[in-house]
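Source file: entry-v7.csv. Holds: CSV, C-alpha atoms.
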```csv
chain,number,residue,atom,x,y,z
K,1,MET,CA,87.0,82.3,86.8
K,2,ASP,CA,89.8,80.1,85.6
K,3,GLY,CA,92.1,80.7,88.6
K,4,LYS,CA,95.0,81.7,86.4
K,5,GLY,CA,94.9,85.4,87.4
K,6,ASN,CA,94.3,88.5,85.4
K,7,SER,CA,97.3,89.3,83.1
K,8,SER,CA,96.9,93.0,83.5
K,9,ASP,CA,97.1,92.7,87.3
K,10,HIS,CA,100.2,90.5,87.0
K,11,PHE,CA,101.6,93.2,84.8
K,12,THR,CA,100.6,95.9,87.3
K,13,ILE,CA,102.2,94.1,90.2
K,14,ALA,CA,105.4,93.3,88.2
K,15,THR,CA,105.6,96.9,87.1
K,16,SER,CA,105.2,98.1,90.7
K,17,LEU,CA,107.9,95.8,91.9
K,18,GLY,CA,110.2,96.8,89.0
K,19,THR,CA,109.7,100.5,89.6
K,20,ALA,CA,110.5,100.1,93.3
K,21,ALA,CA,113.8,98.4,92.4
K,22,VAL,CA,114.8,101.3,90.2
K,23,SER,CA,113.6,104.2,92.3
K,24,GLU,CA,112.7,105.1,95.8
K,25,SER,CA,108.9,105.2,95.7
K,26,SER,CA,106.8,106.8,98.4
K,27,SER,CA,104.2,104.1,97.6
K,28,GLN,CA,104.0,101.3,100.0
K,29,ALA,CA,102.6,98.9,97.4
K,30,PRO,CA,105.9,97.3,96.0
K,31,ARG,CA,107.1,96.5,99.5
K,32,ALA,CA,103.7,95.1,100.5
K,33,TYR,CA,103.6,92.9,97.5
K,34,GLN,CA,107.1,91.5,98.2
K,35,LEU,CA,106.2,90.9,101.9
K,36,ALA,CA,103.1,89.0,100.8
K,37,HIS,CA,104.9,86.4,98.7
K,38,ASP,CA,105.1,83.7,101.4
K,39,ASP,CA,101.6,84.3,102.6
K,40,ALA,CA,100.3,84.3,99.0
K,41,LEU,CA,102.0,80.9,98.4
K,42,ALA,CA,100.3,79.5,101.5
K,43,TYR,CA,96.9,81.0,100.4
K,44,VAL,CA,97.2,79.4,97.0
K,45,ALA,CA,98.5,76.0,98.3
K,46,SER,CA,95.7,75.8,100.8
K,47,ALA,CA,93.0,76.7,98.2
K,48,GLY,CA,92.3,79.9,100.0
K,49,ARG,CA,92.0,78.6,103.6
K,50,ILE,CA,95.1,80.3,104.9
K,51,HIS,CA,95.0,84.1,105.1
K,52,GLY,CA,98.2,85.6,106.3
K,53,ALA,CA,98.5,89.1,107.6
K,54,GLN,CA,101.0,90.1,104.9
K,55,LEU,CA,98.7,88.9,102.2
K,56,GLU,CA,95.8,90.8,103.7
K,57,GLN,CA,97.8,94.0,103.8
K,58,ALA,CA,98.9,93.6,100.2
K,59,LEU,CA,95.3,93.0,99.1
K,60,ARG,CA,94.2,96.2,100.9
K,61,VAL,CA,97.1,98.2,99.4
K,62,TYR,CA,96.4,96.9,95.9
K,63,ARG,CA,92.6,97.6,96.2
K,64,GLN,CA,93.3,101.2,97.5
K,65,GLU,CA,95.7,101.9,94.6
K,66,HIS,CA,93.6,100.1,91.9
K,67,PRO,CA,90.0,100.6,93.0
K,68,ARG,CA,88.7,99.6,89.5
K,69,SER,CA,90.3,96.3,89.5
K,70,THR,CA,88.0,93.3,89.3
K,71,SER,CA,90.6,90.7,90.2
K,72,SER,CA,89.7,88.3,93.0
K,73,ASP,CA,91.8,87.7,96.1
K,74,TRP,CA,92.8,84.4,94.5
K,75,GLN,CA,94.0,86.0,91.3
K,76,LEU,CA,96.0,88.6,93.2
K,77,ALA,CA,97.5,86.0,95.5
K,78,GLN,CA,98.7,84.1,92.5
K,79,ALA,CA,100.3,87.3,91.2
K,80,PHE,CA,102.0,88.0,94.5
K,81,ALA,CA,103.2,84.4,94.7
K,82,SER,CA,104.7,84.5,91.3
K,83,ARG,CA,107.0,87.4,92.2
```
Show me this structure written as structure tokens.
Amino acid sequence: MDGKGNSSDHFTIATSLGTAAVSESSSQAPRAYQLAHDDALAYVASAGRIHGAQLEQALRVYRQEHPRSTSSDWQLAQAFASR
């Protein structure tokens, strides 16, 4: 993997965040992704050695909502960090 992330996952996360800003969603995903931002930055900066609780929660939520995704934790952390 090239470590740059999967563009469809970046789009999915961005769409989820945008949707949450426009409407009140019952989904916990957009909030979990926003809360994971700082943990995701630490994860990426530490080359995956730092696993914060907010990042772990966002990864669980994402995988529950997108069970067919093949993105790695690294790719998703980069997407969360970019928001």
Problem set entry | Counting only C-alpha atoms, the residue of K:Asp38, K:Val44, K:Arg31, K:His51 that sits nearest Ala77 (chain K) |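 Smallest distance to Ala77 (chain K) is found for K:Val44.
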For this session: Figure out the distance between CA of Ser46 (chain K) and CA of Ser72 (chain K), please, to one decimal in Å.
Result: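 Distance reported for this atom pair: 15.9 Å.
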Problem set entry | Distance of CA of Gln54 (chain K) from CA of Phe80 (chain K), expressed in Å to one decimal place |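 Separation between CA of Phe80 (chain K) and CA of Gln54 (chain K): 10.7 Å.
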Can I get region 50-63 of chain K with N, CA, C and O atoms filled in, as an mmCIF file, in the coordinates of the input?
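File produced: part25.cif:
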```cif
data_model
loop_
_atom_site.group_PDB
_atom_site.id
_atom_site.type_symbol
_atom_site.label_atom_id
_atom_site.label_comp_id
_atom_site.auth_asym_id
_atom_site.auth_seq_id
_atom_site.Cartn_x
_atom_site.Cartn_y
_atom_site.Cartn_z
ATOM 1 N N ILE K 50 94.172 79.611 104.080
ATOM 2 C CA ILE K 50 95.100 80.300 104.900
ATOM 3 C C ILE K 50 95.248 81.760 104.469
ATOM 4 O O ILE K 50 95.626 82.038 103.333
ATOM 5 N N HIS K 51 94.899 82.670 105.372
ATOM 6 C CA HIS K 51 95.000 84.100 105.100
ATOM 7 C C HIS K 51 96.009 84.727 106.026
ATOM 8 O O HIS K 51 95.713 85.005 107.184
ATOM 9 N N GLY K 52 97.207 84.942 105.527
ATOM 10 C CA GLY K 52 98.200 85.600 106.300
ATOM 11 C C GLY K 52 98.091 87.076 106.392
ATOM 12 O O GLY K 52 97.500 87.697 105.502
ATOM 13 N N ALA K 53 98.641 87.665 107.423
ATOM 14 C CA ALA K 53 98.500 89.100 107.600
ATOM 15 C C ALA K 53 99.204 89.904 106.505
ATOM 16 O O ALA K 53 98.689 90.943 106.079
ATOM 17 N N GLN K 54 100.333 89.420 106.010
ATOM 18 C CA GLN K 54 101.000 90.100 104.900
ATOM 19 C C GLN K 54 100.215 90.117 103.646
ATOM 20 O O GLN K 54 100.174 91.109 102.911
ATOM 21 N N LEU K 55 99.574 89.011 103.374
ATOM 22 C CA LEU K 55 98.700 88.900 102.200
ATOM 23 C C LEU K 55 97.530 89.877 102.325
ATOM 24 O O LEU K 55 97.194 90.605 101.390
ATOM 25 N N GLU K 56 96.913 89.875 103.481
ATOM 26 C CA GLU K 56 95.800 90.800 103.700
ATOM 27 C C GLU K 56 96.166 92.232 103.503
ATOM 28 O O GLU K 56 95.432 93.011 102.903
ATOM 29 N N GLN K 57 97.347 92.601 103.996
ATOM 30 C CA GLN K 57 97.800 94.000 103.800
ATOM 31 C C GLN K 57 98.068 94.285 102.362
ATOM 32 O O GLN K 57 97.685 95.353 101.879
ATOM 33 N N ALA K 58 98.691 93.367 101.638
ATOM 34 C CA ALA K 58 98.900 93.600 100.200
ATOM 35 C C ALA K 58 97.643 93.725 99.426
ATOM 36 O O ALA K 58 97.545 94.559 98.533
ATOM 37 N N LEU K 59 96.650 92.919 99.771
ATOM 38 C CA LEU K 59 95.300 93.000 99.100
ATOM 39 C C LEU K 59 94.713 94.384 99.365
ATOM 40 O O LEU K 59 94.167 95.014 98.443
ATOM 41 N N ARG K 60 94.792 94.859 100.624
ATOM 42 C CA ARG K 60 94.200 96.200 100.900
ATOM 43 C C ARG K 60 94.962 97.281 100.165
ATOM 44 O O ARG K 60 94.324 98.172 99.593
ATOM 45 N N VAL K 61 96.284 97.218 100.144
ATOM 46 C CA VAL K 61 97.100 98.200 99.400
ATOM 47 C C VAL K 61 96.720 98.207 97.941
ATOM 48 O O VAL K 61 96.486 99.247 97.336
ATOM 49 N N TYR K 62 96.675 97.007 97.373
ATOM 50 C CA TYR K 62 96.400 96.900 95.900
ATOM 51 C C TYR K 62 94.996 97.484 95.636
ATOM 52 O O TYR K 62 94.831 98.244 94.687
ATOM 53 N N ARG K 63 94.006 97.147 96.430
ATOM 54 C CA ARG K 63 92.600 97.600 96.200
ATOM 55 C C ARG K 63 92.535 99.147 96.366
ATOM 56 O O ARG K 63 91.765 99.800 95.665
#
```
